[in-house]
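Trainee: Structure file structure-v7.cif (mmCIF, C-alpha atoms and all ligand atoms) is given on the next line.
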```cif
data_structure
loop_
_atom_site.label_atom_id
_atom_site.label_comp_id
_atom_site.auth_asym_id
_atom_site.auth_seq_id
_atom_site.Cartn_x
_atom_site.Cartn_y
_atom_site.Cartn_z
CA MET A 25 0.00 0.00 0.00
CA PRO A 26 1.39 3.42 -0.92
CA PRO A 27 1.54 6.33 1.52
CA PRO A 28 -1.95 7.75 2.02
CA SER A 29 -2.61 11.12 0.47
CA HIS A 30 -4.03 13.80 2.68
CA SER A 31 -7.62 14.46 1.79
CA ALA A 32 -8.49 17.38 4.07
CA ALA A 33 -9.04 20.75 2.45
CA THR A 34 -6.01 22.98 2.70
CA ALA A 35 -5.42 26.66 2.96
CA VAL A 36 -2.01 27.27 1.48
CA PRO A 37 -0.44 30.73 1.70
CA ARG A 38 -1.50 33.41 -0.76
CA GLY A 39 0.45 33.08 -4.01
CA ALA A 40 1.53 29.51 -3.30
CA ARG A 41 -0.29 28.02 -6.27
CA SER A 42 1.35 30.35 -8.77
CA ARG A 43 4.75 30.10 -7.06
CA ALA A 44 4.87 26.31 -6.92
CA PRO A 45 5.51 25.75 -10.66
CA ARG A 46 8.39 28.25 -10.56
CA VAL A 47 9.87 26.47 -7.56
CA LEU A 48 9.66 23.13 -9.34
CA GLN A 49 11.14 24.47 -12.58
CA THR A 50 14.04 26.05 -10.72
CA LEU A 51 14.75 22.91 -8.71
CA GLU A 52 14.65 20.82 -11.89
CA ALA A 53 17.14 23.15 -13.53
CA HIS A 54 19.56 23.22 -10.60
CA TYR A 55 19.23 19.74 -9.08
CA PRO A 56 18.23 17.52 -12.02
CA ASP A 57 19.67 14.38 -10.44
CA ALA A 58 18.41 14.95 -6.89
CA ARG A 59 18.14 11.68 -5.00
CA THR A 60 18.68 10.41 -1.50
CA GLU A 61 22.23 10.76 -0.21
CA LEU A 62 21.86 7.80 2.13
CA ALA A 63 23.88 4.80 0.94
CA PHE A 64 21.92 1.55 0.65
CA THR A 65 21.61 -1.52 -1.55
CA THR A 66 18.45 -3.17 -0.17
CA PRO A 67 15.15 -1.98 1.36
CA PHE A 68 16.40 -3.26 4.72
CA GLU A 69 19.56 -1.17 4.51
CA LEU A 70 17.52 1.88 3.51
CA LEU A 71 15.14 1.38 6.42
CA VAL A 72 18.03 1.05 8.88
CA ALA A 73 19.86 4.06 7.41
CA THR A 74 16.70 6.16 7.57
CA VAL A 75 16.08 5.28 11.22
CA LEU A 76 19.69 6.20 11.96
CA SER A 77 19.39 9.51 10.11
CA ALA A 78 16.92 11.03 12.58
CA GLN A 79 18.60 14.16 13.96
CA ALA A 80 21.87 13.09 12.32
CA THR A 81 23.55 13.91 9.02
CA ASP A 82 23.51 11.53 6.08
CA VAL A 83 27.32 11.80 6.05
CA SER A 84 27.57 10.47 9.60
CA VAL A 85 25.13 7.66 8.80
CA ASN A 86 26.99 6.68 5.64
CA ALA A 87 30.25 6.57 7.58
CA ALA A 88 28.83 4.04 10.04
CA THR A 89 26.61 1.80 7.93
CA PRO A 90 29.27 -0.17 5.95
CA ALA A 91 30.51 -1.85 9.13
CA LEU A 92 26.96 -2.20 10.48
CA PHE A 93 25.69 -3.84 7.30
CA ALA A 94 28.75 -6.09 7.07
CA ARG A 95 27.91 -7.44 10.51
CA TYR A 96 24.12 -7.41 10.10
CA PRO A 97 23.27 -7.63 6.40
CA ASP A 98 19.57 -8.39 6.88
CA ALA A 99 16.76 -8.54 9.39
CA GLN A 100 17.51 -12.14 10.27
CA ALA A 101 21.10 -11.35 11.26
CA MET A 102 20.16 -8.19 13.14
CA SER A 103 17.27 -9.87 14.97
CA ALA A 104 19.80 -11.96 16.90
CA ALA A 105 21.60 -8.84 18.15
CA GLN A 106 21.12 -7.13 21.47
CA PRO A 107 21.15 -3.32 21.52
CA GLU A 108 24.58 -3.47 23.23
CA ASP A 109 25.91 -5.39 20.23
CA ILE A 110 24.74 -2.67 17.84
CA GLU A 111 25.76 0.34 19.91
CA PRO A 112 29.53 0.24 19.22
CA LEU A 113 28.87 0.21 15.48
CA ILE A 114 26.72 3.36 15.52
CA ARG A 115 28.30 5.23 18.41
CA SER A 116 29.39 8.07 16.11
CA ILE A 117 25.72 8.86 15.31
CA GLY A 118 23.57 11.00 17.57
CA LEU A 119 21.10 9.28 19.91
CA TYR A 120 22.82 5.96 19.24
CA ARG A 121 21.54 4.15 22.33
CA GLY A 122 17.88 4.64 21.50
CA LYS A 123 18.54 3.89 17.85
CA ALA A 124 20.32 0.63 18.75
CA ARG A 125 17.29 -0.38 20.81
CA ASN A 126 14.95 0.44 17.95
CA LEU A 127 17.02 -1.43 15.37
CA ALA A 128 17.15 -4.61 17.44
CA ALA A 129 13.38 -4.47 18.01
CA LEU A 130 12.68 -3.50 14.43
CA ALA A 131 14.66 -6.47 13.07
CA ARG A 132 12.75 -8.87 15.31
CA LEU A 133 9.42 -7.45 14.23
CA LEU A 134 10.38 -7.74 10.57
CA LEU A 135 11.18 -11.39 11.16
CA GLU A 136 8.03 -12.10 13.19
CA ARG A 137 5.51 -10.22 11.07
CA HIS A 138 6.98 -9.86 7.59
CA GLY A 139 9.21 -12.85 6.94
CA GLY A 140 12.31 -10.74 7.43
CA GLU A 141 11.42 -8.41 4.54
CA VAL A 142 10.65 -4.71 4.66
CA PRO A 143 6.90 -4.51 4.02
CA ASN A 144 5.77 -2.78 0.88
CA ASP A 145 3.10 -1.07 2.92
CA PHE A 146 2.97 2.37 4.49
CA GLY A 147 0.98 1.39 7.58
CA ALA A 148 3.26 -1.55 8.34
CA VAL A 149 6.44 0.55 8.06
CA VAL A 150 5.00 3.33 10.23
CA ALA A 151 4.32 0.73 12.92
CA LEU A 152 7.98 -0.33 13.17
CA PRO A 153 10.07 0.85 16.15
CA GLY A 154 11.92 4.07 15.36
CA ALA A 155 9.95 4.66 12.19
CA GLY A 156 7.34 7.34 11.65
CA ARG A 157 5.60 8.97 8.75
CA LYS A 158 8.82 10.54 7.46
CA THR A 159 10.73 7.23 7.58
CA ALA A 160 7.88 5.39 5.89
CA ASN A 161 7.73 7.99 3.12
CA VAL A 162 11.48 7.74 2.53
CA VAL A 163 11.43 3.94 2.43
CA LEU A 164 8.28 3.60 0.33
CA SER A 165 9.44 6.17 -2.23
CA ASN A 166 13.11 5.19 -2.54
CA ALA A 167 12.84 1.43 -2.16
CA PHE A 168 9.47 0.81 -3.81
CA GLY A 169 8.93 3.82 -6.07
CA TYR A 170 5.73 5.13 -4.47
CA PRO A 171 5.01 8.86 -4.75
CA ALA A 172 5.69 10.44 -1.37
CA ILE A 173 6.99 13.64 0.19
CA ALA A 174 8.97 13.06 3.36
CA VAL A 175 9.04 16.27 5.38
CA ASP A 176 12.28 16.62 7.31
CA THR A 177 13.73 19.79 8.79
CA HIS A 178 14.97 21.05 5.39
CA VAL A 179 11.74 20.40 3.52
CA GLY A 180 9.68 22.03 6.26
CA ARG A 181 11.91 25.11 6.47
CA LEU A 182 11.99 25.63 2.71
CA ALA A 183 8.26 25.10 2.32
CA ARG A 184 7.71 27.93 4.80
CA ARG A 185 10.38 30.27 3.41
CA LEU A 186 9.17 29.77 -0.13
CA GLY A 187 5.62 30.51 0.93
CA LEU A 188 4.34 27.06 0.03
CA SER A 189 3.05 26.27 3.51
CA GLY A 190 2.40 28.23 6.65
CA GLN A 191 2.46 25.13 8.82
CA THR A 192 5.03 23.92 11.34
CA ASN A 193 3.54 20.44 11.76
CA PRO A 194 5.35 18.16 9.24
CA ASP A 195 2.15 16.26 8.42
CA LYS A 196 0.42 19.51 7.50
CA VAL A 197 3.39 20.71 5.45
CA GLU A 198 3.26 17.39 3.60
CA ARG A 199 -0.44 17.92 2.96
CA ASP A 200 0.15 21.41 1.54
CA LEU A 201 2.97 20.25 -0.74
CA GLN A 202 0.84 17.37 -1.98
CA THR A 203 -1.83 19.82 -3.09
CA LEU A 204 0.65 22.13 -4.86
CA PHE A 205 2.82 19.71 -6.84
CA PRO A 206 2.06 16.95 -9.35
CA ARG A 207 2.16 13.51 -7.80
CA GLU A 208 4.83 12.24 -10.19
CA ARG A 209 7.25 14.94 -8.98
CA TRP A 210 6.80 14.42 -5.23
CA VAL A 211 9.88 12.26 -4.77
CA PHE A 212 12.05 14.61 -6.82
CA LEU A 213 10.67 17.65 -4.98
CA HIS A 214 11.54 16.14 -1.62
CA HIS A 215 15.15 15.35 -2.58
CA ALA A 216 15.71 18.65 -4.41
CA LEU A 217 14.40 20.73 -1.48
CA ILE A 218 16.76 18.86 0.83
CA LEU A 219 19.73 19.62 -1.44
CA HIS A 220 18.74 23.28 -1.70
CA GLY A 221 18.36 23.44 2.07
CA ARG A 222 21.80 21.96 2.61
CA ARG A 223 23.64 23.97 -0.03
CA ILE A 224 21.94 27.38 -0.25
CA CYS A 225 18.95 27.95 2.02
CA THR A 226 20.51 26.71 5.23
CA ALA A 227 18.77 27.23 8.55
CA ARG A 228 21.20 29.76 9.99
CA ALA A 229 22.77 31.45 6.99
CA PRO A 230 20.61 31.29 3.88
CA ALA A 231 22.65 32.50 0.90
CA CYS A 232 19.89 34.53 -0.72
CA GLY A 233 22.43 36.35 -2.89
CA ALA A 234 23.33 33.06 -4.57
CA CYS A 235 19.83 31.63 -4.66
CA PRO A 236 18.15 30.99 -8.00
CA MET A 237 14.76 31.46 -6.32
CA ALA A 238 15.51 34.94 -4.99
CA ASP A 239 13.35 36.56 -7.70
CA PHE A 240 10.15 35.04 -6.39
CA CYS A 241 10.93 33.91 -2.82
CA PRO A 242 8.80 35.86 -0.31
CA GLN A 243 11.52 35.45 2.33
CA VAL A 244 14.46 36.69 0.27
CA GLY A 245 16.90 38.42 2.64
CA VAL A 246 15.76 36.42 5.65
CA GLY A 247 19.39 35.67 6.46
CA LEU A 248 20.24 39.34 6.71
CA ALA A 249 17.20 40.02 8.88
CA SER A 250 18.27 37.48 11.47
CA ARG A 251 21.86 38.73 11.82
S1 LIG A 301 15.85 33.51 -1.48
FE1 LIG A 301 16.83 33.09 0.52
S2 LIG A 301 15.16 32.44 1.86
FE2 LIG A 301 14.41 32.27 -0.26
S3 LIG A 301 14.82 30.13 -0.86
FE3 LIG A 301 16.56 31.37 -1.52
S4 LIG A 301 18.05 31.26 0.16
FE4 LIG A 301 16.07 30.58 0.96
#
```
Spell out the structure here as structure tokens.
Ligand code: SF4
Mentor:
Amino acid sequence: MPPPSHSAATAVPRGARSRAPRVLQTLEAHYPDARTELAFTTPFELLVATVLSAQATDVSVNAATPALFARYPDAQAMSAAQPEDIEPLIRSIGLYRGKARNLAALARLLLERHGGEVPNDFGAVVALPGAGRKTANVVLSNAFGYPAIAVDTHVGRLARRLGLSGQTNPDKVERDLQTLFPRERWVFLHHALILHGRRICTARAPACGACPMADFCPQVGVGLASR
């Protein structure tokens, strides 16, 4: 089952509907190959990497996962591990104790309920320890090709700065973006916004002077205002 679309009526900010196509065109021109920066070769590895990426950088996750996946290549192998076995392998990642607990429990649940495979089902992924709507969207879109918009800190911040959503709740931001962009571009949009948020429109020092969206961004200059 794909991620459910939000059906509630939305009230996006004024001008959002005319701005959205310009945002998409600009992202397509500047980040044509946008994709996840997490390293993975199987749905299980993607699920684990996504759980580890909560409040951590993809770079730090990618530095740790080769050794983790060499030791625990699938749910069956990881299900035999105790959290203390996993901890040393992910110690360099923030919140590693809780994440080790979640991974051990998650692997066991995959084995018990899903034959050791990552379920191709939004509701089943959301129900796994350490996973939430964002994780499920990442896994379903990148591993199974479903249209989804995972709202992380970058996507949420850019949606607000670009006047595409006035919401702070990630679920509501996701809802607004779903109404503004064509379904077939949701996965691209998510990855491209993340890249733009990392490279140009950072949280603390947005480089509006170098931003290709400065012409139509309602928050242009926000970096100067906060200094
Ligand atoms: S103009 Fe500034 S605030 Fe707007 S998207 Fe670009 S960097 Fe971010």
Trainee: With all atoms listed in the file counted and 8 Å as the cut-off, give the residues of range 113-212 of chain A in contact with range 217-229 of chain A, each with its shortest interatomic distance in Å and the pair that gives it, as CSV.
Mentor:
```
residue,atom,partner,partner_atom,distance
A:His178,CA,A:Gly221,CA,5.3
A:Val179,CA,A:Leu217,CA,5.7
A:Arg181,CA,A:Ala227,CA,7.5
A:Leu182,CA,A:Gly221,CA,6.8
```
Trainee: Using only C-alpha atoms and all ligand atoms, which protein or nucleic acid residues are at most 8 Å from ligand LIG 301 (chain A), as number ranges by chain?
Mentor: A: 182, 185-186, 220-221, 224-226, 230-247
Trainee: Just the number, please: distance in Å from CA of Arg209 in chain A to CA of Ala172 in chain A, one decimal.
Mentor: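 Spanning CA of Arg209 in chain A to CA of Ala172 in chain A is a straight-line distance of 9.0 Å.
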Trainee: Check which residues of range 32-79 of chain A sit at most 8 Å from range 122-128 of chain A using all atoms listed in the file, and return one row each with the closest pair of atoms and their distance in Å to one decimal, ordered by chain and rising number, as a Markdown table.
Mentor:
```
| residue | atom | partner | partner_atom | distance |
| --- | --- | --- | --- | --- |
| A:Val72 | CA | A:Leu127 | CA | 7.0 |
| A:Val75 | CA | A:Lys123 | CA | 7.2 |
| A:Leu76 | CA | A:Lys123 | CA | 6.4 |
```
Trainee: Could you state the separation of CA of Ala44 in chain A and CA of Leu164 in chain A in Å, given to one decimal place?
Mentor: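 For CA of Ala44 in chain A relative to CA of Leu164 in chain A, the distance reads 24.1 Å.
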Trainee: Quick one: residues within 9 Å of Ala40 in chain A, only C-alpha atoms, excluding same-chain residues fewer than 2 positions away - as a list in words?
Mentor: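 Answer for this query is Val36, Pro37, Arg38, Ser42, Arg43, Ala44, Leu186, Gly187, Leu188, Ser189 and Leu204 of chain A.
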Trainee: Nearest to Gln100 in chain A among A:Arg59, A:Tyr170, A:Gly139, A:Gln191, with distances taken over only C-alpha atoms: which residue is it?
Mentor: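 Smallest distance to Gln100 in chain A is found for A:Gly139.
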Trainee: Arg115 in chain A: which residues within 12 Å, counting all atoms listed in the file, same-chain residues fewer than 4 positions away excluded, as a ChimeraX atom specification?
Mentor: /A:76,80,84-85,87-89,91-92,107-111,119-124
Trainee: Find, counting all atoms listed in the file, the residue in A:Ala58, A:Val150, A:Ala104, A:Val162 that gets nearest to Arg132 in chain A.
Mentor: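 Checking each candidate against Arg132 in chain A, we get A:Ala104 as the closest.
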Trainee: I'd like to know which of A:Ala63, A:Val211, A:Ala99, A:Ala174 is closest to Glu136 in chain A, using only C-alpha atoms.
Mentor: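 The shortest atom-to-atom distance to Glu136 in chain A comes from A:Ala99.
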Trainee: Hey, can you check how far CA of Gly180 in chain A sits from CA of Arg199 in chain A?
Mentor: 11.4 Å
Trainee: Pick from A:Val163, A:Leu152, A:Leu51, A:Ala35: nearest to Leu70 in chain A, with all atoms listed in the file counted?
Mentor: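 Residue with the minimum atom-to-atom distance to Leu70 in chain A: A:Val163.
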Trainee: Considering only C-alpha atoms, state which residue in the set A:Val197, A:Ala94, A:Ala105, A:Ile173 is at the smallest distance from Leu213 in chain A.
Mentor: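 Nearest to Leu213 in chain A: A:Ile173.
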Trainee: With all atoms listed in the file as the atoms that count, which of A:Met102, A:Val83, A:Val149, A:Ala216 lies nearest to Asn161 in chain A?
Mentor: A:Val149
